[in-house]
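Here is the file input_17.txt (compact mmCIF, C-alpha atoms).
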# COMPACT_ATOMS: atom_id res chain seq x y z
CA MET B 74 -4.14 18.83 47.18
CA THR B 75 -0.86 17.64 45.71
CA VAL B 76 -2.47 17.15 42.33
CA ARG B 77 -3.15 20.86 42.13
CA TRP B 78 0.57 21.55 42.43
CA VAL B 79 1.98 18.60 40.60
CA LEU B 80 -0.14 18.84 37.48
CA PRO B 81 0.94 22.35 36.42
CA ILE B 82 4.57 21.46 37.11
CA VAL B 83 4.33 18.36 34.99
CA LEU B 84 2.62 20.29 32.19
CA VAL B 85 5.21 23.05 32.23
CA ALA B 86 8.02 20.50 32.31
CA ALA B 87 6.47 18.66 29.39
CA CYS B 88 6.27 21.86 27.35
CA LYS B 89 9.77 22.97 28.24
CA HIS B 90 11.09 19.55 27.33
CA ALA B 91 12.47 20.48 23.90
CA ARG B 92 10.55 19.25 20.92
CA PRO B 93 12.09 16.18 19.31
CA VAL B 94 14.24 16.51 16.23
CA THR B 95 12.45 15.06 13.22
CA VAL B 96 14.54 13.21 10.67
CA GLY B 97 13.21 11.89 7.39
CA ALA B 98 15.33 9.10 5.96
CA ALA B 99 15.38 6.97 2.84
CA ILE B 100 13.95 3.59 3.82
CA SER B 101 17.15 1.86 2.63
CA LEU B 102 18.79 3.47 5.69
CA LYS B 103 16.31 1.96 8.17
CA GLU B 104 18.66 -0.45 9.96
CA SER B 105 21.57 2.03 9.94
CA MET B 106 19.43 4.77 11.46
CA ASP B 107 17.97 2.41 14.06
CA ASP B 108 21.59 1.63 14.94
CA LEU B 109 22.61 5.28 15.02
CA ALA B 110 19.63 6.54 17.00
CA PRO B 111 20.87 5.77 20.55
CA ARG B 112 24.14 7.67 20.00
CA LEU B 113 22.37 10.57 18.27
CA GLU B 114 19.92 10.90 21.16
CA LYS B 115 22.57 10.49 23.84
CA THR B 116 24.97 13.02 22.33
CA SER B 117 22.34 15.58 21.41
CA GLY B 118 20.22 15.12 24.50
CA ARG B 119 17.13 15.29 22.30
CA ARG B 120 14.63 12.73 21.26
CA VAL B 121 15.00 11.92 17.55
CA ASP B 122 11.88 10.88 15.62
CA PHE B 123 12.52 9.16 12.30
CA ALA B 124 10.14 8.96 9.36
CA PHE B 125 11.16 6.39 6.77
CA GLY B 126 9.91 6.21 3.22
CA ALA B 127 10.70 6.75 -0.43
CA SER B 128 13.04 9.75 -0.64
CA GLY B 129 10.86 11.49 -3.21
CA ASP B 130 7.75 11.16 -1.02
CA LEU B 131 9.61 12.56 1.98
CA ALA B 132 11.10 15.39 -0.10
CA SER B 133 7.73 16.41 -1.49
CA GLN B 134 6.26 16.36 2.02
CA MET B 135 9.14 18.53 3.22
CA ALA B 136 8.83 20.91 0.26
CA ARG B 137 5.18 21.35 1.20
CA GLY B 138 5.93 22.21 4.80
CA ALA B 139 6.24 18.93 6.68
CA PRO B 140 8.33 19.87 9.72
CA PHE B 141 11.42 17.76 9.05
CA ASP B 142 14.61 19.23 10.50
CA VAL B 143 16.80 16.85 8.54
CA LEU B 144 16.26 14.64 5.50
CA VAL B 145 18.70 11.94 4.46
CA ALA B 146 17.71 11.13 0.89
CA ALA B 147 18.96 8.41 -1.46
CA GLY B 148 19.87 11.01 -4.08
CA GLU B 149 19.66 14.66 -5.04
CA GLU B 150 16.21 16.13 -4.41
CA PRO B 151 15.81 19.22 -6.61
CA ARG B 152 12.46 19.94 -4.93
CA LEU B 153 14.33 20.91 -1.78
CA ALA B 154 16.06 23.89 -3.44
CA GLY B 155 15.19 26.91 -1.33
CA VAL B 156 13.79 24.67 1.43
CA ALA B 157 16.90 22.92 2.70
CA ASP B 158 20.69 23.02 2.50
CA ASP B 159 22.99 20.12 1.67
CA ALA B 160 25.13 19.48 4.78
CA CYS B 161 27.23 16.54 3.58
CA THR B 162 27.10 13.28 1.67
CA LEU B 163 26.76 10.57 4.27
CA ALA B 164 27.42 7.46 2.19
CA TRP B 165 27.39 5.84 -1.23
CA ASN B 166 25.74 2.70 -2.52
CA THR B 167 25.26 0.63 -5.63
CA LEU B 168 22.45 -1.34 -7.28
CA ALA B 169 21.97 -5.09 -7.22
CA LEU B 170 19.81 -7.36 -9.34
CA VAL B 171 18.11 -9.81 -6.96
CA ARG B 172 15.90 -12.87 -6.98
CA ARG B 173 14.22 -15.02 -4.39
CA ARG B 174 16.84 -17.34 -2.89
CA GLY B 175 16.85 -20.59 -4.83
CA SER B 176 14.46 -19.34 -7.51
CA ALA B 177 14.94 -20.52 -11.07
CA ALA B 178 15.04 -16.98 -12.50
CA ASP B 179 18.15 -17.11 -14.65
CA VAL B 180 18.93 -13.52 -15.59
CA THR B 181 21.80 -11.09 -15.48
CA TRP B 182 21.98 -7.32 -15.91
CA THR B 183 22.68 -7.79 -19.61
CA THR B 184 20.05 -10.44 -20.40
CA LEU B 185 17.00 -8.67 -18.97
CA ALA B 186 15.93 -7.57 -22.45
CA ARG B 187 15.40 -11.22 -23.40
CA VAL B 188 13.24 -12.43 -20.50
CA PRO B 189 10.05 -14.32 -21.42
CA ALA B 190 6.64 -12.64 -21.52
CA GLY B 191 5.42 -13.79 -18.09
CA PHE B 192 8.56 -12.53 -16.35
CA ARG B 193 8.15 -9.72 -13.84
CA LEU B 194 10.93 -7.34 -12.91
CA ALA B 195 10.24 -5.26 -9.77
CA VAL B 196 11.54 -1.69 -9.90
CA GLY B 197 10.85 1.32 -7.69
CA LEU B 198 8.06 3.68 -8.67
CA VAL B 199 9.43 6.73 -10.47
CA PRO B 200 10.02 9.55 -9.87
CA GLN B 201 9.56 9.22 -6.10
CA VAL B 202 11.73 6.12 -5.50
CA PRO B 203 15.39 6.91 -6.27
CA ALA B 204 16.22 3.21 -6.64
CA GLY B 205 13.72 3.12 -9.50
CA VAL B 206 15.20 6.20 -11.15
CA TYR B 207 18.71 4.75 -10.84
CA ALA B 208 17.55 1.36 -12.16
CA GLU B 209 15.89 2.88 -15.22
CA ALA B 210 18.99 4.97 -15.95
CA ALA B 211 21.29 1.95 -15.64
CA LEU B 212 19.09 -0.27 -17.81
CA THR B 213 18.81 2.48 -20.40
CA LYS B 214 22.59 2.78 -20.49
CA LEU B 215 22.86 -0.98 -20.93
CA GLY B 216 20.36 -0.84 -23.80
CA GLU B 217 17.92 -3.14 -21.94
CA TRP B 218 15.24 -0.72 -20.79
CA ASP B 219 12.98 -0.52 -23.86
CA ALA B 220 12.69 -4.30 -24.08
CA VAL B 221 12.23 -4.95 -20.36
CA ALA B 222 9.91 -1.99 -19.59
CA PRO B 223 6.71 -3.96 -20.37
CA ARG B 224 7.75 -6.59 -17.77
CA VAL B 225 8.21 -4.07 -14.99
CA VAL B 226 6.03 -3.97 -11.86
CA ARG B 227 6.45 -1.15 -9.35
CA GLY B 228 7.08 -1.01 -5.64
CA ALA B 229 6.16 2.14 -3.71
CA ASN B 230 9.62 2.18 -2.08
CA VAL B 231 12.78 0.11 -2.43
CA ARG B 232 11.83 -2.22 0.43
CA ALA B 233 8.49 -2.89 -1.23
CA VAL B 234 10.47 -3.88 -4.34
CA LEU B 235 12.57 -6.23 -2.18
CA ASP B 236 9.42 -7.71 -0.64
CA LEU B 237 7.85 -8.37 -4.07
CA VAL B 238 10.93 -10.40 -4.94
CA ALA B 239 11.03 -12.21 -1.58
CA ARG B 240 7.37 -13.26 -1.96
CA GLY B 241 7.95 -14.44 -5.50
CA GLU B 242 5.41 -11.97 -6.90
CA ALA B 243 8.27 -10.63 -9.03
CA ASP B 244 10.86 -12.97 -10.58
CA ALA B 245 13.65 -10.46 -10.09
CA GLY B 246 14.06 -6.93 -8.86
CA ILE B 247 16.50 -4.05 -8.67
CA VAL B 248 17.36 -2.78 -5.19
CA TYR B 249 20.44 -1.43 -3.43
CA ALA B 250 23.30 -3.80 -2.71
CA THR B 251 22.78 -3.10 1.01
CA ASP B 252 19.11 -4.17 0.90
CA VAL B 253 20.06 -7.76 0.09
CA ARG B 254 21.63 -8.11 3.56
CA ILE B 255 18.37 -7.63 5.42
CA ARG B 256 16.41 -10.45 3.73
CA PRO B 257 17.98 -13.90 3.93
CA ASP B 258 15.28 -15.15 1.53
CA VAL B 259 16.66 -12.93 -1.26
CA GLU B 260 19.93 -13.39 -3.13
CA SER B 261 21.94 -11.11 -5.40
CA LEU B 262 22.48 -11.91 -9.05
CA GLY B 263 25.18 -9.28 -9.22
CA ASP B 264 25.86 -5.58 -8.80
CA VAL B 265 25.18 -3.24 -11.69
CA PRO B 266 28.04 -3.34 -14.28
CA ALA B 267 30.54 -0.52 -13.70
CA ALA B 268 29.90 0.97 -17.15
CA ALA B 269 26.26 1.68 -16.25
CA ARG B 270 26.71 2.39 -12.55
CA PRO B 271 24.63 5.34 -11.34
CA ASP B 272 26.02 7.67 -8.67
CA VAL B 273 23.95 6.44 -5.72
CA HIS B 274 24.68 8.69 -2.77
CA TYR B 275 22.94 9.92 0.36
CA PRO B 276 22.94 13.69 0.88
CA VAL B 277 22.00 15.02 4.32
CA TYR B 278 19.63 17.97 3.91
CA VAL B 279 19.03 20.45 6.73
CA ALA B 280 15.80 22.42 6.55
CA LYS B 281 16.25 26.17 6.37
CA SER B 282 13.62 26.24 9.12
CA ALA B 283 15.51 23.69 11.27
CA THR B 284 15.97 24.39 14.97
CA ALA B 285 19.48 24.69 16.43
CA ASP B 286 18.95 21.13 17.67
CA GLY B 287 18.19 20.06 14.13
CA ARG B 288 21.37 21.64 12.81
CA ALA B 289 23.43 20.06 15.56
CA LEU B 290 21.92 16.70 14.71
CA ALA B 291 22.87 17.04 11.04
CA LYS B 292 26.48 17.63 12.17
CA LEU B 293 26.37 14.48 14.26
CA LEU B 294 24.94 12.53 11.31
CA CYS B 295 27.82 13.71 9.14
CA ASP B 296 30.60 12.76 11.56
CA ASP B 297 33.00 9.83 11.29
CA ALA B 298 31.27 7.73 13.95
CA SER B 299 28.03 7.84 11.92
CA ARG B 300 29.89 6.93 8.75
CA ARG B 301 31.42 3.92 10.48
CA VAL B 302 27.94 2.68 11.44
CA LEU B 303 26.79 2.98 7.83
CA ALA B 304 29.92 1.17 6.64
CA SER B 305 29.08 -1.67 9.05
CA HIS B 306 25.77 -2.04 7.19
CA GLY B 307 27.54 -2.36 3.85
CA PHE B 308 27.34 1.25 2.65
CA LEU B 309 30.36 2.69 0.85
CA ASP B 310 32.36 5.63 2.22
CA ARG B 311 33.18 7.02 -1.21
CA ALA B 312 31.82 6.83 -4.73
CA PRO B 313 32.67 3.38 -6.14
CA MET S 279 -6.72 4.46 -18.81
CA SER S 280 -8.33 6.94 -16.46
CA ALA S 281 -8.52 6.14 -12.77
CA PHE S 282 -12.32 5.88 -12.85
CA ALA S 283 -12.22 3.50 -15.81
CA VAL S 284 -9.87 1.29 -13.80
CA SER S 285 -12.18 1.59 -10.80
CA LEU S 286 -15.14 0.41 -12.90
CA ARG S 287 -13.16 -2.50 -14.31
CA VAL S 288 -12.29 -3.53 -10.78
CA ILE S 289 -15.66 -2.92 -9.13
CA LEU S 290 -18.11 -4.40 -11.65
CA PRO S 291 -16.80 -7.99 -11.54
CA ALA S 292 -16.53 -7.70 -7.76
CA LEU S 293 -20.18 -6.60 -7.48
CA ALA S 294 -21.30 -9.38 -9.83
CA LEU S 295 -19.90 -11.76 -7.23
CA VAL S 296 -20.73 -9.84 -4.07
CA ALA S 297 -24.38 -8.94 -4.80
CA PRO S 298 -25.82 -12.48 -5.21
CA LEU S 299 -23.48 -14.07 -2.67
CA GLY S 300 -24.06 -11.33 -0.11
CA ALA S 301 -27.84 -11.47 -0.64
CA ALA S 302 -27.80 -15.24 -0.16
CA LEU S 303 -25.75 -14.88 3.02
CA GLY S 304 -28.13 -12.16 4.19
CA PHE S 305 -31.14 -14.43 3.59
CA PHE S 306 -29.48 -17.22 5.53
CA LEU S 307 -28.62 -14.88 8.40
CA SER S 308 -32.15 -13.49 8.54
CA ARG S 309 -33.81 -16.93 8.71
CA ALA S 310 -31.35 -19.30 10.36
CA ARG S 311 -31.04 -19.78 14.10
CA GLY S 312 -28.51 -21.51 16.30
CA ALA S 313 -24.79 -22.16 16.31
CA LEU S 314 -24.22 -22.26 12.55
CA ARG S 315 -25.83 -18.85 12.15
CA ALA S 316 -23.67 -17.45 14.93
CA VAL S 317 -20.54 -18.78 13.24
CA VAL S 318 -21.50 -17.44 9.81
CA ASP S 319 -22.46 -14.10 11.35
CA ALA S 320 -19.05 -13.80 13.03
CA LEU S 321 -17.22 -14.80 9.83
CA VAL S 322 -19.14 -12.14 7.91
CA LEU S 323 -18.61 -9.46 10.53
CA VAL S 324 -14.89 -9.90 11.08
CA PRO S 325 -13.71 -8.60 7.65
CA LEU S 326 -16.00 -5.61 8.16
CA VAL S 327 -14.06 -4.47 11.22
CA LEU S 328 -10.56 -5.71 10.32
CA PRO S 329 -8.08 -3.10 9.07
CA PRO S 330 -7.97 -3.30 5.25
CA SER S 331 -4.20 -3.83 5.50
CA VAL S 332 -4.88 -7.08 7.36
CA VAL S 333 -7.43 -8.20 4.77
CA GLY S 334 -4.93 -7.40 1.99
CA TYR S 335 -2.04 -9.10 3.75
CA LEU S 336 -4.01 -12.27 4.44
CA LEU S 337 -5.18 -12.35 0.82
CA LEU S 338 -1.52 -12.06 -0.22
CA VAL S 339 -0.53 -14.93 2.04
CA VAL S 340 -3.27 -17.20 0.69
CA LEU S 341 -3.69 -16.02 -2.91
CA GLY S 342 -0.18 -14.74 -3.70
CA ARG S 343 2.02 -16.74 -6.04
CA ARG S 344 3.48 -18.65 -3.13
CA GLY S 345 0.19 -18.95 -1.23
CA ALA S 346 -1.62 -22.30 -1.07
CA ILE S 347 -4.45 -21.23 -3.39
CA GLY S 348 -2.45 -18.67 -5.37
CA ALA S 349 0.13 -21.26 -6.45
CA LEU S 350 -2.68 -23.60 -7.49
CA LEU S 351 -4.41 -20.86 -9.51
CA GLU S 352 -1.20 -20.14 -11.38
CA ARG S 353 -0.42 -23.78 -12.09
CA ALA S 354 -3.93 -24.75 -13.16
CA PHE S 355 -5.20 -21.63 -14.89
CA ASP S 356 -2.11 -19.43 -15.35
CA VAL S 357 -3.90 -16.80 -13.24
CA ARG S 358 -1.80 -14.36 -11.22
CA LEU S 359 -3.86 -12.08 -9.02
CA VAL S 360 -1.23 -9.69 -7.68
CA PHE S 361 -0.77 -6.73 -10.08
CA SER S 362 -3.93 -7.64 -12.01
CA SER S 363 -7.36 -6.05 -12.05
CA ALA S 364 -8.78 -9.45 -11.08
CA GLY S 365 -6.66 -9.28 -7.93
CA ALA S 366 -7.97 -5.80 -7.16
CA SER S 367 -11.51 -7.15 -7.70
CA VAL S 368 -10.85 -9.89 -5.15
CA ALA S 369 -9.62 -7.35 -2.58
CA VAL S 370 -12.59 -5.09 -3.19
CA ALA S 371 -15.02 -8.04 -3.03
CA ALA S 372 -13.57 -9.23 0.28
CA VAL S 373 -14.20 -5.83 1.83
CA ALA S 374 -17.63 -5.22 0.25
CA LEU S 375 -19.15 -8.67 0.85
CA PRO S 376 -19.75 -8.25 4.61
CA LEU S 377 -21.57 -4.98 4.02
CA MET S 378 -23.77 -6.56 1.34
CA ALA S 379 -24.53 -9.51 3.61
CA LYS S 380 -25.42 -7.47 6.70
CA ALA S 381 -27.54 -4.97 4.77
CA SER S 382 -29.31 -7.82 2.94
CA GLU S 383 -29.99 -9.51 6.26
CA ALA S 384 -31.79 -6.35 7.36
CA ALA S 385 -33.72 -6.24 4.08
CA PHE S 386 -34.95 -9.82 4.48
CA ALA S 387 -35.71 -9.32 8.16
CA ARG S 388 -38.11 -6.51 7.28
CA VAL S 389 -40.22 -8.79 5.07
CA ASP S 390 -43.55 -9.50 6.77
CA ARG S 391 -43.49 -13.22 7.59
CA SER S 392 -47.27 -13.46 7.71
CA LEU S 393 -47.40 -12.73 3.96
CA GLU S 394 -45.04 -15.65 3.33
CA GLU S 395 -47.13 -17.89 5.58
CA ALA S 396 -50.30 -16.87 3.75
CA ALA S 397 -48.70 -17.68 0.40
CA GLU S 398 -47.65 -21.11 1.63
CA ALA S 399 -51.06 -21.74 3.19
CA ASN S 400 -52.54 -21.02 -0.25
CA GLY S 401 -50.46 -23.84 -1.71
CA LEU S 402 -47.36 -22.03 -3.05
CA SER S 403 -44.17 -24.04 -2.83
CA ALA S 404 -41.31 -22.69 -0.71
CA SER S 405 -39.31 -21.68 -3.76
CA ALA S 406 -42.31 -20.01 -5.39
CA THR S 407 -43.02 -18.14 -2.16
CA PHE S 408 -39.45 -16.90 -2.11
CA ARG S 409 -39.57 -15.89 -5.77
CA LEU S 410 -43.05 -14.28 -5.75
CA VAL S 411 -43.32 -12.89 -2.20
CA THR S 412 -40.07 -12.64 -0.26
CA LEU S 413 -37.75 -11.44 -2.99
CA PRO S 414 -40.01 -8.67 -4.40
CA LEU S 415 -40.65 -7.36 -0.87
CA ALA S 416 -36.94 -7.39 -0.03
CA LEU S 417 -35.85 -5.94 -3.34
CA PRO S 418 -35.64 -2.25 -2.38
CA GLY S 419 -33.62 -3.20 0.69
CA LEU S 420 -31.35 -5.35 -1.49
CA GLY S 421 -30.93 -2.39 -3.85
CA ALA S 422 -29.89 -0.26 -0.92
CA ALA S 423 -27.49 -3.01 0.20
CA ALA S 424 -25.95 -3.24 -3.27
CA THR S 425 -25.53 0.54 -3.41
CA LEU S 426 -23.78 0.48 -0.06
CA ALA S 427 -21.51 -2.36 -1.19
CA ALA S 428 -20.72 -0.53 -4.45
CA LEU S 429 -19.79 2.59 -2.49
CA ARG S 430 -17.54 0.62 -0.19
CA ALA S 431 -15.96 -1.01 -3.25
CA LEU S 432 -15.38 2.33 -4.92
CA GLY S 433 -13.72 3.68 -1.78
CA GLU S 434 -11.52 0.64 -1.12
CA PHE S 435 -7.85 1.55 -0.74
CA GLY S 436 -5.88 -0.45 1.81
CA ALA S 437 -6.66 -4.02 0.84
CA THR S 438 -6.25 -3.23 -2.84
CA LEU S 439 -2.83 -1.65 -2.38
CA THR S 440 -1.61 -4.33 0.04
CA PHE S 441 -2.77 -7.27 -2.05
CA ALA S 442 -2.94 -6.19 -5.69
CA GLY S 443 -0.20 -3.54 -5.65
CA TYR S 444 0.00 -0.33 -7.61
CA THR S 445 0.17 -0.83 -11.35
CA ARG S 446 -1.72 0.27 -14.44
CA SER S 447 -4.52 -2.26 -14.06
CA THR S 448 -4.94 -1.73 -10.31
CA ALA S 449 -4.61 2.06 -10.22
CA THR S 450 -8.16 2.78 -9.03
CA ALA S 451 -9.29 6.30 -8.17
CA PRO S 452 -8.46 6.01 -4.43
CA LEU S 453 -4.95 4.68 -5.19
CA GLU S 454 -4.36 7.44 -7.74
CA VAL S 455 -5.35 10.08 -5.18
CA TYR S 456 -2.74 8.71 -2.78
CA PHE S 457 0.09 8.44 -5.30
CA ALA S 458 -0.70 11.78 -6.95
CA MET S 459 -0.59 13.39 -3.51
CA GLN S 460 2.71 11.68 -2.65
CA GLN S 461 4.21 13.05 -5.85
CA GLY S 462 2.99 16.54 -5.03
CA ASP S 463 0.53 16.48 -7.95
CA ASP S 464 -2.19 18.31 -6.03
CA GLY S 465 -4.16 19.17 -9.17
CA ARG S 466 -4.75 15.51 -9.95
CA ALA S 467 -5.25 14.47 -6.33
CA LEU S 468 -7.81 17.20 -5.73
CA GLY S 469 -9.63 16.61 -9.03
CA LEU S 470 -10.01 12.89 -8.32
CA SER S 471 -11.01 13.57 -4.72
CA LEU S 472 -13.77 15.97 -5.73
CA ALA S 473 -14.99 13.49 -8.34
CA LEU S 474 -15.10 10.78 -5.65
CA VAL S 475 -17.04 13.11 -3.35
CA ALA S 476 -19.52 13.83 -6.16
CA VAL S 477 -20.01 10.16 -7.09
CA SER S 478 -20.38 9.16 -3.44
CA THR S 479 -22.92 11.91 -2.79
CA ILE S 480 -25.03 10.83 -5.75
CA ALA S 481 -24.81 7.21 -4.58
CA ALA S 482 -25.86 8.29 -1.09
CA PHE S 483 -29.04 9.77 -2.59
CA VAL S 484 -29.63 6.55 -4.49
CA PHE S 485 -29.21 4.63 -1.25
CA HIS S 486 -31.69 6.95 0.44
CA ALA S 487 -34.21 6.46 -2.36
CA TRP S 488 -33.91 2.67 -2.14
CA SER S 489 -34.18 2.72 1.64
CA ARG S 490 -37.43 4.68 1.65
CA ARG S 491 -39.28 2.38 -0.71
As structure tokens, the full file:
Amino acid sequence: MTVRWVLPIVLVAACKHARPVTVGAAISLKESMDDLAPRLEKTSGRRVDFAFGASGDLASQMARGAPFDVLVAAGEEPRLAGVADDACTLAWNTLALVRRRGSAADVTWTTLARVPAGFRLAVGLVPQVPAGVYAEAALTKLGEWDAVAPRVVRGANVRAVLDLVARGEADAGIVYATDVRIRPDVESLGDVPAAARPDVHYPVYVAKSATADGRALAKLLCDDASRRVLASHGFLDRAP
Amino acid sequence: MSAFAVSLRVILPALALVAPLGAALGFFLSRARGALRAVVDALVLVPLVLPPSVVGYLLLVVLGRRGAIGALLERAFDVRLVFSSAGASVAVAAVALPLMAKASEAAFARVDRSLEEAAEANGLSASATFRLVTLPLALPGLGAAATLAALRALGEFGATLTFAGYTRSTATAPLEVYFAMQQGDDGRALGLSLALVAVSTIAAFVFHAWSRR
């Protein structure tokens, strides 16, 4: 008897319960977003579902109609023109050359062109992994790219690049400075030299089709409390 | 190199390994009894039902540069499997072998034992009986098994990506479909997908023809 009454009520309640806000985020933001999520959900009163991945993959999904309300990318995504608006720049970052902790790989940003034939440098897949695009631009500026290009192996996102280095499948790799903090088995060989430093920044895109909840969430993401959380994970609050 | 050329370069060495090894395993499974058979059967079946990501990850742990066997391979033979077509072949072989073994087991099980017994009663040695009676009778079934294994190899995605990575020499047709799609290159993704559908359909007819003989 009760079931006949309870079931419709539960169903109606479930439907009325607002649909979650969907946020795509560059995978380099994983720990920061995990940290931010409780406050975002508490303040907005909405469930927030994150999808992490290479920014370019997420942007092309969004451009083709994936129902993201918000996308925090690791760089400008021209494919989102007409699909989303730029709400703010959430943080900045820089690149680091890394190796497995204690490995013998003896390279610097300016000696990569002279690595031996068996050497493997892990770089993000271009054009969908911004860290790869930034790395290629920096190495080109340093005059190293043409010589090191044949030694490059690709990771499908920046954390895959980090993992290739951690497992020793690549002798060195180029990731974000913040990525080094999450793997104790990886060490930095130095940030990219200032002269070749790309403008790594994280724009917050709001879909033109976003719900009011989605727009409100983008505002929350852009506020000072969110920026402080990112700073605590090593992100920069202005262009270096 | 085109995606299908890479696929062929990956699959052919894998099949050269999988076909004889899988047929031998199938013969053993069809004739053996007891605990050893049960153990081998389980070992063959498990990779068939494991997620390809698990197969790829375990291969990476064992055969990666820091894996027990991977480190040895590099030191002794300067062989590095990750990011090489040989690595992709290993991943594909690991996934196709169980299928070859199980289908071969069925092929050998269908061979009429009384014909083998008659051959031996007429003085043929065990090896001659196998060569002249068992193998020819099982051959169509083994052909069907090999076709099935080749199809599975052609369609392998997860273990290859997890273990061998995505690079020029490992960019098989299934991997290219995925990465073309991710980049929004629908023309390429769709073209490769339709080609895979066509090749698989033809192979399905081949399988059918083998099975009916």
- Message: For a quick check of understanding, using all atoms listed in the file, which of S:Leu468, S:Val340, S:Ala473, S:Ala397 has the smallest distance to chain B?
- Response: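 Among the listed residues, S:Val340 lies closest to chain B.
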Quick check: residues of chain B within 12 Å of chain S, all atoms listed in the file, returned as a PDB file with C-alpha atoms, in the coordinates of the input.
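Once written, iface_8.pdb looks like this:
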ATOM      1  CA  GLY B 126       9.910   6.210   3.220  1.00  0.00           C
ATOM      2  CA  ALA B 127      10.700   6.750  -0.430  1.00  0.00           C
ATOM      3  CA  SER B 128      13.040   9.750  -0.640  1.00  0.00           C
ATOM      4  CA  GLY B 129      10.860  11.490  -3.210  1.00  0.00           C
ATOM      5  CA  ASP B 130       7.750  11.160  -1.020  1.00  0.00           C
ATOM      6  CA  LEU B 131       9.610  12.560   1.980  1.00  0.00           C
ATOM      7  CA  ALA B 132      11.100  15.390  -0.100  1.00  0.00           C
ATOM      8  CA  SER B 133       7.730  16.410  -1.490  1.00  0.00           C
ATOM      9  CA  GLN B 134       6.260  16.360   2.020  1.00  0.00           C
ATOM     10  CA  MET B 135       9.140  18.530   3.220  1.00  0.00           C
ATOM     11  CA  ALA B 136       8.830  20.910   0.260  1.00  0.00           C
ATOM     12  CA  ARG B 137       5.180  21.350   1.200  1.00  0.00           C
ATOM     13  CA  GLY B 138       5.930  22.210   4.800  1.00  0.00           C
ATOM     14  CA  ARG B 152      12.460  19.940  -4.930  1.00  0.00           C
ATOM     15  CA  ARG B 173      14.220 -15.020  -4.390  1.00  0.00           C
ATOM     16  CA  SER B 176      14.460 -19.340  -7.510  1.00  0.00           C
ATOM     17  CA  GLY B 191       5.420 -13.790 -18.090  1.00  0.00           C
ATOM     18  CA  PHE B 192       8.560 -12.530 -16.350  1.00  0.00           C
ATOM     19  CA  ARG B 193       8.150  -9.720 -13.840  1.00  0.00           C
ATOM     20  CA  ALA B 195      10.240  -5.260  -9.770  1.00  0.00           C
ATOM     21  CA  VAL B 196      11.540  -1.690  -9.900  1.00  0.00           C
ATOM     22  CA  GLY B 197      10.850   1.320  -7.690  1.00  0.00           C
ATOM     23  CA  LEU B 198       8.060   3.680  -8.670  1.00  0.00           C
ATOM     24  CA  VAL B 199       9.430   6.730 -10.470  1.00  0.00           C
ATOM     25  CA  PRO B 200      10.020   9.550  -9.870  1.00  0.00           C
ATOM     26  CA  GLN B 201       9.560   9.220  -6.100  1.00  0.00           C
ATOM     27  CA  VAL B 202      11.730   6.120  -5.500  1.00  0.00           C
ATOM     28  CA  PRO B 223       6.710  -3.960 -20.370  1.00  0.00           C
ATOM     29  CA  ARG B 224       7.750  -6.590 -17.770  1.00  0.00           C
ATOM     30  CA  VAL B 225       8.210  -4.070 -14.990  1.00  0.00           C
ATOM     31  CA  VAL B 226       6.030  -3.970 -11.860  1.00  0.00           C
ATOM     32  CA  ARG B 227       6.450  -1.150  -9.350  1.00  0.00           C
ATOM     33  CA  GLY B 228       7.080  -1.010  -5.640  1.00  0.00           C
ATOM     34  CA  ALA B 229       6.160   2.140  -3.710  1.00  0.00           C
ATOM     35  CA  ASN B 230       9.620   2.180  -2.080  1.00  0.00           C
ATOM     36  CA  ALA B 233       8.490  -2.890  -1.230  1.00  0.00           C
ATOM     37  CA  VAL B 234      10.470  -3.880  -4.340  1.00  0.00           C
ATOM     38  CA  ASP B 236       9.420  -7.710  -0.640  1.00  0.00           C
ATOM     39  CA  LEU B 237       7.850  -8.370  -4.070  1.00  0.00           C
ATOM     40  CA  VAL B 238      10.930 -10.400  -4.940  1.00  0.00           C
ATOM     41  CA  ALA B 239      11.030 -12.210  -1.580  1.00  0.00           C
ATOM     42  CA  ARG B 240       7.370 -13.260  -1.960  1.00  0.00           C
ATOM     43  CA  GLY B 241       7.950 -14.440  -5.500  1.00  0.00           C
ATOM     44  CA  GLU B 242       5.410 -11.970  -6.900  1.00  0.00           C
ATOM     45  CA  ALA B 243       8.270 -10.630  -9.030  1.00  0.00           C
ATOM     46  CA  ASP B 244      10.860 -12.970 -10.580  1.00  0.00           C
TER      47      ASP B 244
END
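Here atom CA of S:Thr438 is placed at a distance of 13.4 Å from atom CA of S:Arg287.
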- Item | Who sits within 6 Å of stretch 153-162 of chain B, only C-alpha atoms, same chain under 6 positions skipped, as a PyMOL selection string | chain B and resi 136+275-281
- Which residues, written as number ranges by chain, have at least one atom at most 7 Å from B:Leu309, with all atoms listed in the file counted and residues fewer than 3 positions away on the same chain left out? B: 164-166, 304
Env of B:Ala211: 10 Å cut, atoms = all atoms listed in the file, seq-sep filter 6 positions within chain, self excluded. Answer as a compact mmCIF listing (two decimals) with C-alpha atoms, in the frame of the given file.
# COMPACT_ATOMS: atom_id res chain seq x y z
CA LEU B 168 22.45 -1.34 -7.28
CA TRP B 182 21.98 -7.32 -15.91
CA GLY B 205 13.72 3.12 -9.50
CA GLU B 217 17.92 -3.14 -21.94
CA TRP B 218 15.24 -0.72 -20.79
CA VAL B 265 25.18 -3.24 -11.69
CA PRO B 266 28.04 -3.34 -14.28
CA ALA B 267 30.54 -0.52 -13.70
CA ALA B 268 29.90 0.97 -17.15
CA ALA B 269 26.26 1.68 -16.25
CA ARG B 270 26.71 2.39 -12.55
CA PRO B 271 24.63 5.34 -11.34
